[in-house]
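Undergrad: So that we are looking at the same thing, I have put the structure below in structure tokens.
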Amino acid sequence: MGTNFYLVRHANKQNGIGDVAISSDGILQAQVTARHLSGLLPVKKIVSSPLKRARETALIIANKSNAAISEDIRLRERANWGDIPGQTFEAFVQMWERCTTDRDFIPPVGDSARMAGERLSTCLLELANENPQDTIIILTHGGLITDFLVNVISDEELRRKNPNIIAEQSYLIKECSITKVRCEGGIFILDDIGCVEHLL
């Protein structure tokens, strides 16, 4: 059976630079997501990115599921607007898109897409070894989830889930979407990607 991971992107965040909180719409998204996740098998733990938008989403989900929360710096985003002082949003987007198309490009701050995906993979493998056959919610970021998937799931399997996944990866993982993967014997199996039905 292996360890079930629900990779949840943080809720909608406030407009702004740096480590911003979730918005009022994001609070509602997180509450709906919390109700949905509370209907799953008992959740042993929630592990969150240290960034505020992920932590706040995790707290709302934890209040509904009564699961313990921990933080792991490996769940942070590939790069964050505001990490480079004075960087415009346009320059940040240009840097982000270069990282997406050239997976080995290392930006001035942050990680390459390949390195970011490896971070999440290492984190999940450790959790799977420590929690065999458990269900764990991971609160993280859209870019990191796609970086991870492109690293560990074959192109053929990804395209079966979404034929345009490579072109659309920057827009695929919506706020509070759920991507489900299983880890069995150190191998990741993709069950669902970017599911938002619970938000409709």
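Ordering of the structure tokens sets the chain letters (A, B, ...); residue numbers start at 1 within each chain; ligands are numbered from 1 in the order shown.
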Would you kindly return, as a list in words, each protein, DNA or RNA residue with an atom no farther than 8 Å from any atom of Ile145 (chain A), considering only C-alpha atoms and excluding same-chain residues fewer than 2 positions away?
TA: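 Answer for this query is Leu7, Gly117, Leu120, Thr140, His141, Gly142, Gly143, Asp147, Phe148, Leu149 and Ile173 of chain A.
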Undergrad: For the residues in that selection, give me C-alpha atoms as a PDB file, in the first residue's frame.
TA:
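The resulting result-v9.pdb:
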```
ATOM      1  CA  LEU A   7       0.350  17.564  -1.899  1.00  0.00           C
ATOM      2  CA  GLY A 117      12.177  18.787  -7.252  1.00  0.00           C
ATOM      3  CA  LEU A 120      10.742  17.547  -2.249  1.00  0.00           C
ATOM      4  CA  THR A 140       3.694  23.513  -0.221  1.00  0.00           C
ATOM      5  CA  HIS A 141       3.838  25.505  -3.468  1.00  0.00           C
ATOM      6  CA  GLY A 142       2.713  25.004  -7.052  1.00  0.00           C
ATOM      7  CA  GLY A 143       6.122  25.331  -8.651  1.00  0.00           C
ATOM      8  CA  ASP A 147       9.259  20.395 -10.254  1.00  0.00           C
ATOM      9  CA  PHE A 148       8.895  17.212  -8.207  1.00  0.00           C
ATOM     10  CA  LEU A 149       6.490  15.545 -10.643  1.00  0.00           C
ATOM     11  CA  ILE A 173      -1.361  23.518  -9.810  1.00  0.00           C
TER      12      ILE A 173
END
```
Undergrad: Just the residues within 12 Å of Arg160 (chain A), please, counting only C-alpha atoms, with nothing from its chain fewer than 5 positions along; format it as a list in words.
TA: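 So the residues in contact are Ile153, Ser154, Asp155, Ile165, Ile166, Leu190, Asp191, Asp192 and Ile193 of chain A.
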Undergrad: Find the residues around Ile69 (chain A) up to 12 Å (only C-alpha atoms counted), leave out those fewer than 5 positions away in its own chain, and share them as a PyMOL selection string.
TA: chain A and resi 43-50+54-63+136-139
Undergrad: Using only C-alpha atoms, which residue out of A:Cys195, A:Ala79, A:Ile27, A:Cys183 lies closest to Asn131 (chain A)?
TA: A:Cys183
Undergrad: Please measure the separation of CA of Arg74 (chain A) and CA of Ser121 (chain A), giving the value in Å to one decimal.
TA: 9.4 Å
Undergrad: Based on DSSP run over this structure's backbone, return all residues of region 16-114 of chain A in strand (DSSP E), as a ChimeraX atom specification.
TA: /A:45-48,68-71
Undergrad: Any idea what's packed within 8 Å of region 93-103 of chain A, counting only C-alpha atoms, ignoring anything in its chain fewer than 5 positions away? Could you give it as a list of chain:residue names?
TA: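 The contact residues come out as A:Ala79, A:Ser112, A:Ala113, A:Arg114, A:Ser170.
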Undergrad: Report as a list in words all protein, DNA and RNA residues lying within 12 Å of Ile189 (chain A), evaluated on only C-alpha atoms, omitting residues in the same chain fewer than 3 positions from it.
TA: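 My list of contacting residues is Met1, Gly2, Thr3, Asn4, Phe5, Leu149, Val152, Ile153, Ser154, Glu157, Leu158, Thr179, Lys180, Val181, Arg182, Cys183, Glu184, Gly185, Gly186, Asp192 and Ile193 of chain A.
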Undergrad: Suppose we keep C-alpha atoms; can you now write the selection as a PDB file, in the first residue's frame?
TA:
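Saved to result.pdb:
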```
ATOM      1  CA  MET A   1       0.000   0.000   0.000  1.00  0.00           C
ATOM      2  CA  GLY A   2       2.786   2.470   0.825  1.00  0.00           C
ATOM      3  CA  THR A   3       2.531   6.019   2.159  1.00  0.00           C
ATOM      4  CA  ASN A   4      -0.166   8.289   0.720  1.00  0.00           C
ATOM      5  CA  PHE A   5       0.798  11.914   0.225  1.00  0.00           C
ATOM      6  CA  LEU A 149       6.490  15.545 -10.643  1.00  0.00           C
ATOM      7  CA  VAL A 152      10.036  11.518 -10.573  1.00  0.00           C
ATOM      8  CA  ILE A 153       7.132  10.672 -12.922  1.00  0.00           C
ATOM      9  CA  SER A 154       7.765   9.613 -16.521  1.00  0.00           C
ATOM     10  CA  GLU A 157       2.593   9.001 -17.361  1.00  0.00           C
ATOM     11  CA  LEU A 158       2.403  12.778 -16.927  1.00  0.00           C
ATOM     12  CA  THR A 179      -2.081  16.225  -6.037  1.00  0.00           C
ATOM     13  CA  LYS A 180      -2.033  12.671  -4.700  1.00  0.00           C
ATOM     14  CA  VAL A 181       1.025  10.444  -4.899  1.00  0.00           C
ATOM     15  CA  ARG A 182       1.891   7.136  -3.258  1.00  0.00           C
ATOM     16  CA  CYS A 183       5.368   6.036  -2.288  1.00  0.00           C
ATOM     17  CA  GLU A 184       5.806   2.277  -2.503  1.00  0.00           C
ATOM     18  CA  GLY A 185       9.261   0.826  -1.994  1.00  0.00           C
ATOM     19  CA  GLY A 186      10.909   4.161  -2.763  1.00  0.00           C
ATOM     20  CA  ASP A 192      -4.161  12.490  -9.234  1.00  0.00           C
ATOM     21  CA  ILE A 193      -2.766  15.859 -10.243  1.00  0.00           C
TER      22      ILE A 193
END
```
Undergrad: Using only C-alpha atoms, which residue out of A:His10, A:Asp83, A:Leu144, A:Pro42 lies closest to Glu118 (chain A)?
TA: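 Of all the options, A:Leu144 lies closest to Glu118 (chain A).
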Undergrad: Ranking A:Trp81, A:Leu40, A:Leu75, A:Val32 by minimum distance to Asp19 (chain A) and counting only C-alpha atoms, which one comes first?
TA: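 Under the stated criterion, the closest residue is A:Trp81.
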Undergrad: Using only C-alpha atoms, which residue out of A:Lys64, A:Lys52, A:Ala30, A:Pro108 lies closest to Val8 (chain A)?
TA: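 Smallest separation from Val8 (chain A) among the options: A:Ala30.
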